[in-house]
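Below: upload_9.txt (compact mmCIF, C-alpha atoms)
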```
# COMPACT_ATOMS: atom_id res chain seq x y z
CA MET A 48 74.13 82.19 117.94
CA SER A 49 74.73 83.67 114.53
CA MET A 50 76.79 81.44 112.27
CA SER A 51 79.01 82.47 109.44
CA ASN A 52 80.54 80.37 106.69
CA VAL A 53 84.31 80.54 106.46
CA LYS A 54 86.12 79.24 103.43
CA CYS A 55 89.85 79.77 103.47
CA SER A 56 93.17 78.02 103.11
CA VAL A 57 95.19 77.13 106.18
CA ASN A 58 98.80 76.07 105.66
CA GLY A 59 97.99 75.39 102.02
CA LEU A 60 94.99 73.14 102.71
CA PRO A 61 91.41 74.17 101.96
CA VAL A 62 89.19 74.65 105.01
CA GLN A 63 85.46 75.26 105.11
CA ARG A 64 83.59 75.62 108.41
CA GLU A 65 80.51 77.14 109.92
CA VAL A 66 81.66 79.29 112.82
CA ASN A 67 79.97 81.45 115.40
CA ALA A 68 80.37 85.04 114.22
CA ALA A 69 81.90 85.95 117.58
CA ARG A 70 84.60 83.26 117.35
CA LEU A 71 88.11 84.64 117.46
CA LEU A 72 90.58 83.51 114.85
CA SER A 73 92.92 82.32 117.64
CA ASP A 74 90.20 80.02 119.05
CA PHE A 75 89.25 78.85 115.57
CA ILE A 76 92.85 77.87 114.85
CA ARG A 77 93.53 76.19 118.18
CA GLU A 78 90.21 74.55 118.98
CA ASP A 79 88.40 73.98 115.67
CA LEU A 80 91.48 73.20 113.60
CA THR A 81 93.51 71.80 116.56
CA LEU A 82 96.60 73.69 115.41
CA THR A 83 97.88 74.38 118.90
CA GLY A 84 101.24 75.79 117.86
CA THR A 85 99.58 79.20 117.84
CA LYS A 86 99.46 80.35 121.48
CA ARG A 87 97.04 82.50 123.39
CA GLY A 88 98.93 84.77 125.76
CA CYS A 89 97.42 88.06 126.86
CA GLU A 90 94.41 87.85 124.53
CA THR A 91 94.33 91.63 124.48
CA GLY A 92 96.51 92.26 121.47
CA VAL A 93 99.65 93.05 123.42
CA CYS A 94 101.91 90.00 123.61
CA GLY A 95 101.92 88.73 120.02
CA ALA A 96 101.99 85.02 120.99
CA CYS A 97 98.96 84.38 118.76
CA SER A 98 100.56 85.91 115.63
CA VAL A 99 99.77 84.17 112.33
CA LEU A 100 100.11 85.20 108.70
CA VAL A 101 97.02 86.20 106.71
CA ASP A 102 97.86 86.50 103.03
CA GLY A 103 101.53 86.58 103.97
CA GLU A 104 101.21 89.44 106.47
CA VAL A 105 101.40 88.98 110.21
CA VAL A 106 98.38 89.77 112.39
CA LYS A 107 97.36 88.95 115.96
CA SER A 108 94.75 86.23 115.78
CA CYS A 109 93.16 87.34 119.09
CA LEU A 110 92.20 90.65 117.45
CA LEU A 111 90.54 89.09 114.43
CA LEU A 112 87.27 87.24 114.03
CA ALA A 113 87.45 83.88 112.28
CA CYS A 114 84.83 85.12 109.81
CA GLN A 115 87.11 87.98 108.74
CA ILE A 116 89.53 85.53 107.11
CA ASP A 117 86.97 84.16 104.65
CA GLY A 118 88.73 83.93 101.29
CA SER A 119 92.23 84.37 102.76
CA ASP A 120 95.35 82.23 103.05
CA VAL A 121 96.35 81.64 106.66
CA THR A 122 99.76 80.34 107.70
CA THR A 123 100.46 79.17 111.22
CA ILE A 124 103.73 77.92 112.72
CA GLU A 125 102.76 74.38 111.63
CA GLY A 126 102.78 75.52 108.01
CA LEU A 127 106.35 76.78 107.90
CA GLU A 128 108.34 73.60 107.55
CA ILE A 129 108.67 72.28 104.05
CA GLY A 130 108.91 68.51 103.41
CA GLY A 131 109.92 67.80 107.00
CA GLU A 132 112.68 70.43 106.90
CA LEU A 133 112.49 73.23 109.43
CA HIS A 134 112.11 76.75 108.06
CA PRO A 135 115.45 78.61 108.31
CA LEU A 136 113.92 80.82 111.03
CA GLN A 137 112.92 77.78 113.09
CA ALA A 138 116.38 76.25 112.68
CA ALA A 139 118.08 79.54 113.58
CA PHE A 140 115.95 80.04 116.72
CA MET A 141 117.16 76.61 117.89
CA GLU A 142 120.77 77.17 116.93
CA PHE A 143 121.16 80.68 118.37
CA GLY A 144 119.09 80.28 121.51
CA GLY A 145 116.13 82.39 120.42
CA LEU A 146 113.91 80.77 123.01
CA GLN A 147 113.73 79.53 126.56
CA CYS A 148 110.27 78.32 127.57
CA GLY A 149 109.13 78.53 123.94
CA PHE A 150 105.65 79.91 124.54
CA CYS A 151 106.22 83.17 122.63
CA THR A 152 108.32 81.50 119.93
CA PRO A 153 105.64 80.67 117.33
CA GLY A 154 104.47 84.30 117.45
CA PHE A 155 108.01 85.63 117.13
CA ILE A 156 108.75 83.34 114.19
CA MET A 157 105.56 84.36 112.36
CA ALA A 158 106.32 88.05 112.95
CA ALA A 159 109.90 87.50 111.77
CA CYS A 160 108.59 85.73 108.67
CA SER A 161 106.43 88.74 107.79
CA LEU A 162 109.34 91.09 108.52
CA LEU A 163 111.61 89.14 106.13
CA ASN A 164 108.90 89.17 103.46
CA ASP A 165 109.03 92.97 103.58
CA ASN A 166 112.76 93.39 104.10
CA GLU A 167 115.12 90.57 103.18
CA SER A 168 118.14 92.05 104.97
CA PRO A 169 116.91 93.85 108.08
CA SER A 170 119.34 95.66 110.36
CA GLU A 171 119.27 95.04 114.10
CA HIS A 172 117.15 98.22 114.43
CA ASP A 173 114.72 96.97 111.75
CA ILE A 174 114.38 93.65 113.58
CA ARG A 175 113.78 95.25 116.97
CA HIS A 176 111.31 97.72 115.48
CA GLY A 177 109.61 94.98 113.42
CA LEU A 178 109.19 92.70 116.43
CA SER A 179 107.88 95.37 118.80
CA GLY A 180 104.47 93.67 118.72
CA ASN A 181 105.87 90.53 120.37
CA ILE A 182 106.93 90.04 123.95
CA CYS A 183 109.27 87.41 125.40
CA ARG A 184 109.29 87.12 129.17
CA CYS A 185 112.13 84.64 129.67
CA THR A 186 115.22 85.09 127.63
CA GLY A 187 115.47 88.69 126.52
CA TYR A 188 115.88 89.48 122.89
CA MET A 189 119.57 88.99 122.05
CA GLY A 190 119.15 85.39 120.87
CA ILE A 191 115.99 86.23 118.96
CA VAL A 192 117.59 89.13 117.08
CA LYS A 193 120.69 87.07 116.34
CA ALA A 194 118.57 84.15 115.09
CA ILE A 195 116.64 86.38 112.70
CA GLN A 196 119.84 87.97 111.38
CA MET A 197 121.38 84.55 110.75
CA ALA A 198 118.19 83.21 109.16
CA SER A 199 117.96 86.20 106.83
CA GLU A 200 121.55 85.61 105.72
CA LYS A 201 120.79 81.97 105.10
CA ILE A 202 117.63 82.73 103.13
CA ARG A 203 119.46 85.32 101.00
CA ALA A 204 122.22 82.80 100.26
CA THR A 205 119.81 80.19 98.92
CA MET T 279 82.56 87.81 123.78
CA HIS T 280 78.80 88.05 123.41
CA ASN T 281 77.10 86.85 120.22
CA PHE T 282 76.33 89.09 117.32
CA GLU T 283 75.56 88.89 113.65
CA TYR T 284 78.47 89.47 111.30
CA LEU T 285 77.58 91.29 108.10
CA GLU T 286 79.79 92.04 105.13
CA PRO T 287 78.11 94.43 102.72
CA ALA T 288 79.76 94.57 99.29
CA SER T 289 78.89 98.22 98.67
CA LEU T 290 78.20 101.43 100.57
CA GLU T 291 74.56 101.22 99.47
CA GLU T 292 74.22 97.80 101.10
CA ALA T 293 75.98 99.10 104.20
CA PHE T 294 73.52 102.01 104.48
CA ASP T 295 70.63 99.53 104.21
CA LEU T 296 72.08 97.50 107.07
CA LEU T 297 72.68 100.61 109.16
CA ALA T 298 69.08 101.66 108.61
CA ARG T 299 67.86 98.21 109.62
CA TYR T 300 69.95 97.82 112.79
CA GLY T 301 70.25 101.44 113.85
CA GLN T 302 72.13 101.84 117.12
CA ASP T 303 72.36 98.07 117.57
CA ALA T 304 74.99 97.92 114.84
CA LYS T 305 78.66 98.75 115.09
CA ILE T 306 80.73 99.44 112.03
CA MET T 307 84.00 97.52 111.83
CA SER T 308 86.91 98.46 109.61
CA GLY T 309 90.13 96.58 110.51
CA GLY T 310 88.72 95.57 113.87
CA THR T 311 91.84 95.81 116.07
CA ALA T 312 90.24 98.26 118.48
CA LEU T 313 86.62 97.20 118.08
CA ILE T 314 87.18 93.51 118.80
CA LEU T 315 89.15 94.33 121.91
CA ALA T 316 86.40 96.69 123.10
CA LEU T 317 83.75 94.01 122.45
CA ARG T 318 85.77 91.41 124.31
CA GLN T 319 86.34 93.71 127.25
CA ARG T 320 82.61 94.48 127.22
CA LEU T 321 83.22 98.18 126.78
CA ILE T 322 80.72 98.15 123.92
CA GLU T 323 77.87 95.92 122.80
CA ALA T 324 76.46 95.23 119.37
CA LYS T 325 73.74 93.04 117.91
CA ALA T 326 75.35 93.31 114.51
CA ILE T 327 78.85 93.99 113.29
CA ILE T 328 78.91 95.59 109.86
CA SER T 329 82.32 94.97 108.34
CA LEU T 330 83.59 97.31 105.64
CA GLN T 331 86.27 94.92 104.42
CA ARG T 332 84.53 93.96 101.16
CA ILE T 333 83.87 97.54 100.07
CA ARG T 334 86.73 98.12 97.66
CA SER T 335 86.04 101.81 97.07
CA LEU T 336 87.00 102.51 100.68
CA LYS T 337 90.54 101.24 100.13
CA ILE T 338 91.58 103.50 97.27
CA ILE T 339 94.21 106.22 97.68
CA ARG T 340 94.19 108.73 94.83
CA TRP T 341 94.18 112.39 93.84
CA HIS T 342 90.94 114.24 93.28
CA GLY T 343 92.19 117.50 91.84
CA SER T 344 94.63 118.95 94.34
CA ASN T 345 93.44 116.77 97.24
CA LEU T 346 94.69 113.31 98.03
CA HIS T 347 91.78 111.13 99.12
CA ILE T 348 92.79 108.25 101.36
CA GLY T 349 90.06 105.63 101.46
CA ALA T 350 88.98 105.28 105.09
CA ALA T 351 89.50 101.52 105.07
CA SER T 352 93.13 101.82 103.91
CA ARG T 353 95.29 99.95 106.38
CA HIS T 354 98.15 101.78 108.10
CA ARG T 355 100.44 99.53 106.08
CA ASP T 356 98.85 100.71 102.82
CA VAL T 357 99.16 104.36 103.88
CA ALA T 358 102.82 103.85 104.85
CA HIS T 359 103.67 102.26 101.48
CA ASP T 360 101.60 104.47 99.20
CA PRO T 361 103.87 106.38 96.77
CA ASN T 362 101.70 109.54 96.85
CA VAL T 363 101.60 109.60 100.63
CA LYS T 364 105.35 109.05 100.80
CA GLU T 365 106.10 111.80 98.30
CA HIS T 366 103.60 114.48 99.33
CA PHE T 367 102.84 113.71 102.97
CA PRO T 368 106.06 112.26 104.41
CA ALA T 369 104.94 113.04 107.97
CA LEU T 370 101.91 110.79 107.52
CA ALA T 371 103.96 108.03 105.90
CA TYR T 372 106.30 108.21 108.91
CA ALA T 373 103.40 108.07 111.39
CA ALA T 374 101.77 105.12 109.58
CA ARG T 375 105.10 103.26 109.42
CA HIS T 376 105.71 103.63 113.15
CA LEU T 377 102.20 103.21 114.51
CA ALA T 378 101.72 100.47 117.14
CA ASN T 379 103.39 97.37 115.66
CA GLN T 380 103.59 95.31 112.45
CA GLN T 381 100.52 93.27 113.33
CA VAL T 382 98.29 96.28 113.97
CA ARG T 383 99.57 98.12 110.87
CA ASN T 384 98.64 95.07 108.78
CA GLN T 385 95.06 95.07 110.05
CA GLY T 386 94.06 98.44 111.46
CA THR T 387 92.84 101.22 109.17
CA ILE T 388 93.21 104.98 109.15
CA GLY T 389 89.45 105.63 109.10
CA GLY T 390 88.81 103.09 111.84
CA ASN T 391 91.45 104.81 113.93
CA LEU T 392 89.83 108.24 113.53
CA CYS T 393 86.27 107.01 114.11
CA TYR T 394 87.24 105.26 117.32
CA GLY T 395 88.34 108.64 118.68
CA ASP T 396 91.19 107.26 120.77
CA PRO T 397 93.53 110.22 121.42
CA THR T 398 96.50 107.99 122.30
CA THR T 399 97.37 107.02 118.74
CA ASP T 400 99.43 108.46 115.90
CA PRO T 401 97.19 109.55 113.00
CA PRO T 402 95.17 112.34 114.71
CA ALA T 403 97.90 114.90 115.46
CA CYS T 404 99.66 114.16 112.21
CA LEU T 405 96.51 114.66 110.12
CA LEU T 406 95.55 117.82 112.04
CA ALA T 407 98.83 119.46 111.07
CA LEU T 408 98.20 118.50 107.44
CA ASP T 409 94.81 120.29 107.39
CA ALA T 410 92.97 117.00 106.85
CA GLU T 411 89.25 116.81 106.37
CA VAL T 412 87.09 113.72 106.68
CA ILE T 413 84.28 112.71 104.37
CA LEU T 414 81.22 111.17 106.01
CA ALA T 415 78.56 109.56 103.85
CA SER T 416 75.02 108.54 104.68
CA ARG T 417 71.69 108.06 102.96
CA SER T 418 71.05 111.76 103.38
CA GLY T 419 74.23 112.83 101.61
CA ILE T 420 77.86 113.63 102.16
CA ARG T 421 79.41 115.87 104.80
CA THR T 422 82.98 117.06 104.78
CA LEU T 423 84.31 118.10 108.17
CA ARG T 424 87.60 119.57 109.21
CA LEU T 425 89.35 117.08 111.43
CA ASP T 426 89.36 119.68 114.26
CA ASP T 427 85.56 119.66 114.14
CA PHE T 428 85.37 115.88 113.82
CA PHE T 429 87.12 115.25 117.15
CA GLN T 430 84.65 116.41 119.76
CA ASP T 431 85.78 114.89 123.00
CA TYR T 432 87.57 111.94 124.55
CA PHE T 433 86.53 108.93 122.37
CA LEU T 434 83.75 111.09 120.91
CA THR T 435 83.54 112.19 117.29
CA ALA T 436 81.02 114.08 115.16
CA ARG T 437 80.13 110.95 113.16
CA ARG T 438 76.44 110.14 113.38
CA ASP T 439 75.27 106.53 113.75
CA ASP T 440 73.96 106.51 110.18
CA GLU T 441 77.24 107.74 108.71
CA ILE T 442 80.25 105.91 107.35
CA MET T 443 83.58 107.65 106.94
CA THR T 444 84.56 107.10 103.33
CA ALA T 445 87.81 109.03 103.01
CA ILE T 446 90.34 111.37 104.54
CA ARG T 447 91.01 114.36 102.31
CA LEU T 448 94.43 115.98 102.34
CA PRO T 449 95.02 119.22 100.47
CA GLN T 450 98.31 119.38 98.60
CA SER T 451 100.79 120.74 101.10
CA SER T 452 102.93 123.80 100.48
CA ALA T 453 104.92 123.15 103.64
CA THR T 454 108.67 123.00 103.18
CA HIS T 455 108.89 121.04 106.43
CA GLN T 456 106.44 118.38 107.47
CA LEU T 457 107.53 116.53 110.56
CA TYR T 458 106.00 114.06 112.96
CA ARG T 459 107.45 112.81 116.23
CA ARG T 460 106.19 110.35 118.82
CA HIS T 461 107.61 109.83 122.28
CA LEU T 462 107.70 106.32 123.72
CA ARG T 463 109.05 105.44 127.14
CA THR T 464 110.36 102.13 125.78
CA LEU T 465 110.65 100.65 122.29
CA ALA T 466 108.11 97.97 123.19
CA GLU T 467 105.44 100.51 124.07
CA HIS T 468 102.72 100.67 121.42
CA ARG T 469 101.05 103.86 122.45
CA PRO T 470 102.98 107.07 122.42
CA VAL T 471 103.10 109.21 125.57
CA ALA T 472 102.98 112.30 123.36
CA THR T 473 102.82 112.98 119.65
CA LEU T 474 103.77 116.15 117.82
CA ALA T 475 103.26 117.18 114.23
CA LEU T 476 104.60 120.31 112.59
CA ALA T 477 103.97 121.67 109.12
CA VAL T 478 105.60 124.93 108.15
CA CYS T 479 106.68 126.90 105.13
CA MET T 480 110.18 128.21 105.82
CA ASN T 481 111.04 131.38 103.96
CA GLU T 482 114.71 131.60 104.87
CA LYS T 483 114.24 131.52 108.66
CA ARG T 484 110.82 133.11 108.61
CA MET T 485 108.01 130.71 109.51
CA GLU T 486 104.80 130.82 107.50
CA ALA T 487 101.60 128.74 107.44
CA VAL T 488 102.60 127.17 110.75
CA ARG T 489 100.65 124.17 112.00
CA VAL T 490 101.47 122.59 115.35
CA ALA T 491 99.37 119.67 116.57
CA ILE T 492 99.60 117.54 119.68
CA GLY T 493 98.13 114.16 120.48
CA ALA T 494 98.38 111.40 123.10
CA SER T 495 99.10 113.72 126.04
CA VAL T 496 95.74 115.44 125.64
CA PRO T 497 92.17 114.13 125.91
CA VAL T 498 91.42 115.36 122.39
CA PRO T 499 94.15 115.79 119.76
CA LEU T 500 94.34 119.43 118.75
CA ARG T 501 96.17 122.22 116.98
CA LEU T 502 97.90 124.66 119.31
CA SER T 503 96.56 128.01 118.15
CA ARG T 504 98.48 130.18 120.64
CA THR T 505 101.78 128.49 119.85
CA GLU T 506 101.06 128.71 116.12
CA ALA T 507 100.34 132.44 116.46
CA LEU T 508 103.61 132.92 118.32
CA LEU T 509 105.54 131.25 115.50
CA GLU T 510 103.61 132.62 112.53
CA GLY T 511 105.67 135.20 110.66
CA ALA T 512 108.45 135.00 113.26
CA THR T 513 112.10 134.31 112.59
CA LEU T 514 113.12 130.93 113.92
CA SER T 515 115.92 130.94 116.47
CA THR T 516 116.95 128.81 119.42
CA GLU T 517 115.34 131.40 121.70
CA LEU T 518 112.07 131.20 119.76
CA ALA T 519 112.20 127.37 119.89
CA ALA T 520 112.37 127.55 123.70
CA GLU T 521 109.60 130.14 123.85
CA ALA T 522 107.36 128.00 121.62
CA ALA T 523 108.12 124.94 123.74
CA ARG T 524 107.06 126.86 126.87
CA SER T 525 103.93 128.03 125.10
CA ALA T 526 103.00 124.53 123.89
CA SER T 527 103.56 122.88 127.25
CA ALA T 528 101.37 125.52 128.91
CA GLU T 529 98.71 125.51 126.20
CA ILE T 530 97.78 121.82 126.38
CA ASP T 531 95.22 120.37 128.74
CA ALA T 532 97.68 117.65 129.75
CA VAL T 533 96.26 114.31 130.84
CA SER T 534 97.46 112.66 134.00
CA ASP T 535 97.24 108.90 134.21
CA MET T 536 99.25 105.79 135.04
CA ARG T 537 101.41 106.34 131.96
CA GLY T 538 102.50 109.78 133.00
CA ASP T 539 101.35 112.60 135.23
CA GLU T 540 100.51 116.07 134.05
CA MET T 541 103.91 117.60 134.79
CA TYR T 542 105.72 114.77 133.01
CA ARG T 543 103.51 115.17 129.93
CA ARG T 544 104.13 118.92 129.83
CA ARG T 545 107.87 118.37 130.10
CA ILE T 546 107.84 115.81 127.30
CA VAL T 547 105.83 118.15 125.07
CA TYR T 548 108.22 120.99 125.92
CA SER T 549 111.28 119.02 124.89
CA MET T 550 109.62 117.58 121.78
CA VAL T 551 108.60 121.02 120.50
CA GLN T 552 111.97 122.54 121.29
CA SER T 553 114.00 119.80 119.64
CA LEU T 554 111.79 119.63 116.56
CA LEU T 555 112.08 123.39 115.98
CA ILE T 556 115.85 123.22 116.45
CA GLU T 557 115.90 120.42 113.90
CA VAL T 558 114.07 122.71 111.44
CA LEU T 559 116.54 125.52 112.20
CA GLN T 560 119.46 123.26 111.34
```
Will you turn the file into structure tokens for me?
Amino acid sequence: MSMSNVKCSVNGLPVQREVNAARLLSDFIREDLTLTGTKRGCETGVCGACSVLVDGEVVKSCLLLACQIDGSDVTTIEGLEIGGELHPLQAAFMEFGGLQCGFCTPGFIMAACSLLNDNESPSEHDIRHGLSGNICRCTGYMGIVKAIQMASEKIRAT
Amino acid sequence: MHNFEYLEPASLEEAFDLLARYGQDAKIMSGGTALILALRQRLIEAKAIISLQRIRSLKIIRWHGSNLHIGAASRHRDVAHDPNVKEHFPALAYAARHLANQQVRNQGTIGGNLCYGDPTTDPPACLLALDAEVILASRSGIRTLRLDDFFQDYFLTARRDDEIMTAIRLPQSSATHQLYRRHLRTLAEHRPVATLALAVCMNEKRMEAVRVAIGASVPVPLRLSRTEALLEGATLSTELAAEAARSASAEIDAVSDMRGDEMYRRRIVYSMVQSLLIEVLQ
């Protein structure tokens, strides 16, 4: 096994680990760091359930090696709430029914986060286009789109 | 996924050293979206992965005389947002902005895309219509190839194992119209069923310097020379748009697979060519 040293920040906290070079970021996050909010769905880069932010931009953690994030800032769903308060996206997903079973939700919220970083007032088209890398198999997308629109309004107002 | 060594050279020189040491046992990784999936699905094997992510010179987008050089390790996101790309190559900015999904655009790179040789993606047809060339560097020097010559076959390119693509070179375009279209069956689909790029200099309604390129519905993205010849110097009309559409749909070696059979692909290409030319006419 060939090991690689990874030094990064995860949800604002410094992390330093020796990892197998072939370890996926999704496995590193879930198993080594026990941050199980990030889900593994298809593990072929299609479903988006494993989405996390690297340096503020969303990526699929099943398509990235853990050693590629050396020197980066990683944010997972666990890192979104601030001082015990839910992130406006998290609150809006609850309020507007943006989830059913919840498995895809962390990925959707991370993708939405990245979308709002790029575009603070996305149209419905922008949201649907921006979230095309994430799949929900229970509820459909009406609640998700609505939640993101409402969260973006709330973020702009504060 | 099987074990391998992960190497991050800080310069091209270091990367060439590693390539010389590992030879065919090494695979070069740029963003990694396609490579990691192929490794995990055991489509390819490697004893060493040589990542280009620390080589800053491969991420620069800038003019060299009248050519825009896009560093091969520029992510699709960087290409989509680059002011020079947006101003001078709007078709490429459009393709980069719509490729796959947010996550892939934030990680995947333009050079990685070309070197993988996957015909079912956006950059190839778009870059073909823009007369792109690719720069390949190795210990023995630098080669510049036209993109048409770089794509050799399905998932096969002219890059040698000792070469690294350093940049994509785009000559300043004199086209008055530079358009790129991709057909998806549903919004959630990441891979287009067909892609079409058109670059043309419209002199009133007369078409000059016509470039028509097709991807995704063909095993190797290509320029349509017969359709280009039909349009070159001709006066654009709705009749000509239909004739060119017929020509394009007949000219391609249409693929037939689970995402669409040959007849379906030809029909899609027909309607894409026709509607794009009508758009130019209007």
Using all atoms listed in the file, determine which residues lie at most 12 Å from Ala198 in chain A, disregarding the query and same-chain residues fewer than 5 positions distant; provide the list as a PDB file with C-alpha atoms, in the coordinates of the input.
```pdb
ATOM      1  CA  LEU A 133     112.490  73.230 109.430  1.00  0.00           C
ATOM      2  CA  HIS A 134     112.110  76.750 108.060  1.00  0.00           C
ATOM      3  CA  PRO A 135     115.450  78.610 108.310  1.00  0.00           C
ATOM      4  CA  LEU A 136     113.920  80.820 111.030  1.00  0.00           C
ATOM      5  CA  GLN A 137     112.920  77.780 113.090  1.00  0.00           C
ATOM      6  CA  ALA A 138     116.380  76.250 112.680  1.00  0.00           C
ATOM      7  CA  ALA A 139     118.080  79.540 113.580  1.00  0.00           C
ATOM      8  CA  PHE A 140     115.950  80.040 116.720  1.00  0.00           C
ATOM      9  CA  MET A 141     117.160  76.610 117.890  1.00  0.00           C
ATOM     10  CA  GLU A 142     120.770  77.170 116.930  1.00  0.00           C
ATOM     11  CA  PHE A 143     121.160  80.680 118.370  1.00  0.00           C
ATOM     12  CA  GLY A 145     116.130  82.390 120.420  1.00  0.00           C
ATOM     13  CA  ILE A 156     108.750  83.340 114.190  1.00  0.00           C
ATOM     14  CA  ALA A 159     109.900  87.500 111.770  1.00  0.00           C
ATOM     15  CA  CYS A 160     108.590  85.730 108.670  1.00  0.00           C
ATOM     16  CA  LEU A 162     109.340  91.090 108.520  1.00  0.00           C
ATOM     17  CA  LEU A 163     111.610  89.140 106.130  1.00  0.00           C
ATOM     18  CA  GLU A 167     115.120  90.570 103.180  1.00  0.00           C
ATOM     19  CA  SER A 168     118.140  92.050 104.970  1.00  0.00           C
ATOM     20  CA  PRO A 169     116.910  93.850 108.080  1.00  0.00           C
ATOM     21  CA  ILE A 174     114.380  93.650 113.580  1.00  0.00           C
ATOM     22  CA  GLY A 190     119.150  85.390 120.870  1.00  0.00           C
ATOM     23  CA  ILE A 191     115.990  86.230 118.960  1.00  0.00           C
ATOM     24  CA  VAL A 192     117.590  89.130 117.080  1.00  0.00           C
ATOM     25  CA  LYS A 193     120.690  87.070 116.340  1.00  0.00           C
ATOM     26  CA  ARG A 203     119.460  85.320 101.000  1.00  0.00           C
ATOM     27  CA  ALA A 204     122.220  82.800 100.260  1.00  0.00           C
ATOM     28  CA  THR A 205     119.810  80.190  98.920  1.00  0.00           C
TER      29      THR A 205
END
```
field: chain T contacts to chain A at 8 Å (all atoms listed in the file) as a list in words
entry: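 Every residue of chain T that passes the 8 Å test is in Met279, His280, Asn281, Phe282, Glu283, Tyr284, Gly310, Thr311, Ala312, Ile314, Leu315, Ala378, Asn379, Gln380, Gln381, Val382, Asn384, Gln385, Leu465, Ala466, Glu467 and His468 of chain T.
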field: Selected residue of minimal separation from Tyr458 in chain T among T:Ile492, T:Leu296, T:Leu336, T:Leu317, counting all atoms listed in the file
entry: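 The answer is T:Ile492, which sits nearest to Tyr458 in chain T.
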field: Option closest in space to Ala298 in chain T, from T:Arg463, T:Arg417, T:His347, T:Arg501 [counting all atoms listed in the file]
entry: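 Closest to Ala298 in chain T of all the choices is T:Arg417.
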task: Go ahead and compute the interatomic distance for CA of Asp74 in chain A and CA of Ala374 in chain T, in Å to one decimal.
output: 29.2 Å
query: What gap, in Å, lies between CA of Leu434 in chain T and CA of Leu392 in chain T?
result: 10.0 Å
task: Quick one: everything within 6 Å of range 61-65 of chain A, counting only C-alpha atoms, minus sequence neighbours fewer than 2 positions away in the same chain. Send it as a list in words.
output: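 Listed by chain and then number, they are Ser51, Asn52, Val53, Lys54, Cys55 and Ser56 of chain A.
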message: Between CA of Gln560 in chain T and CA of Phe367 in chain T, what distance in Å does the model show, to one decimal?
response: 20.9 Å
query: Which residue gives the smallest distance to Arg438 in chain T among T:Thr387, T:Thr505, T:Ser416, T:Ser308, with all atoms listed in the file counted?
result: T:Ser416
- prompt: Which neighbours of range 523-536 of chain T fall inside 10 Å, counting only C-alpha atoms, when residues of the same chain fewer than 5 positions from it are skipped, and could you give them as an NGL selection string?
  reply: :T and (472 or 490-506 or 508 or 517-518 or 541-555)
All file atoms of range 550-554 of chain T boxed axis-aligned, 4 Å per side, centre plus edges, as JSON:
```
{"center_x": 111.3, "center_y": 120.1, "center_z": 119.2, "size_x": 13.4, "size_y": 13.0, "size_z": 13.2}
```
message: Env of Ser515 in chain T: 9 Å cut, atoms = only C-alpha atoms, seq-sep filter 6 positions within chain, self excluded. Answer as a list in words.
response: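 The contact residues come out as Lys483, Leu555, Ile556 and Leu559 of chain T.
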Residues from last step as file, C-alpha atoms, as a PDB file, keeping the file's coordinate frame:
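Writing done, so here's out.pdb:
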```
ATOM      1  CA  LYS T 483     114.240 131.520 108.660  1.00  0.00           C
ATOM      2  CA  LEU T 555     112.080 123.390 115.980  1.00  0.00           C
ATOM      3  CA  ILE T 556     115.850 123.220 116.450  1.00  0.00           C
ATOM      4  CA  LEU T 559     116.540 125.520 112.200  1.00  0.00           C
TER       5      LEU T 559
END
```
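Of the listed residues T:Ala369, T:Ala407, T:Leu462, T:Ile328, the one whose atoms come nearest to Ala487 in chain T is T:Ala407, with distances taken using only C-alpha atoms.
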Protein, DNA and RNA residues within 9 Å of (90.4, 102.9, 112.0), all atoms listed in the file, as a list of chain:residue names: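 The requested residues, written out, are T:Met307, T:Ser308, T:Gly309, T:Gly310, T:Thr311, T:Ala312, T:Ala350, T:Ala351, T:Ser352, T:Arg353, T:His354, T:Gly386, T:Thr387, T:Ile388, T:Gly389, T:Gly390, T:Asn391, T:Leu392, T:Cys393, T:Tyr394.
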Generate the output file for the selected residues, C-alpha atoms, as a short mmCIF file (atom, residue, chain, number, x, y, z; two decimals), in the coordinates of the input.
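Once everything was written out, this is result_8.cif:
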```
data_model
loop_
_atom_site.label_atom_id
_atom_site.label_comp_id
_atom_site.auth_asym_id
_atom_site.auth_seq_id
_atom_site.Cartn_x
_atom_site.Cartn_y
_atom_site.Cartn_z
CA MET T 307 84.00 97.52 111.83
CA SER T 308 86.91 98.46 109.61
CA GLY T 309 90.13 96.58 110.51
CA GLY T 310 88.72 95.57 113.87
CA THR T 311 91.84 95.81 116.07
CA ALA T 312 90.24 98.26 118.48
CA ALA T 350 88.98 105.28 105.09
CA ALA T 351 89.50 101.52 105.07
CA SER T 352 93.13 101.82 103.91
CA ARG T 353 95.29 99.95 106.38
CA HIS T 354 98.15 101.78 108.10
CA GLY T 386 94.06 98.44 111.46
CA THR T 387 92.84 101.22 109.17
CA ILE T 388 93.21 104.98 109.15
CA GLY T 389 89.45 105.63 109.10
CA GLY T 390 88.81 103.09 111.84
CA ASN T 391 91.45 104.81 113.93
CA LEU T 392 89.83 108.24 113.53
CA CYS T 393 86.27 107.01 114.11
CA TYR T 394 87.24 105.26 117.32
#
```
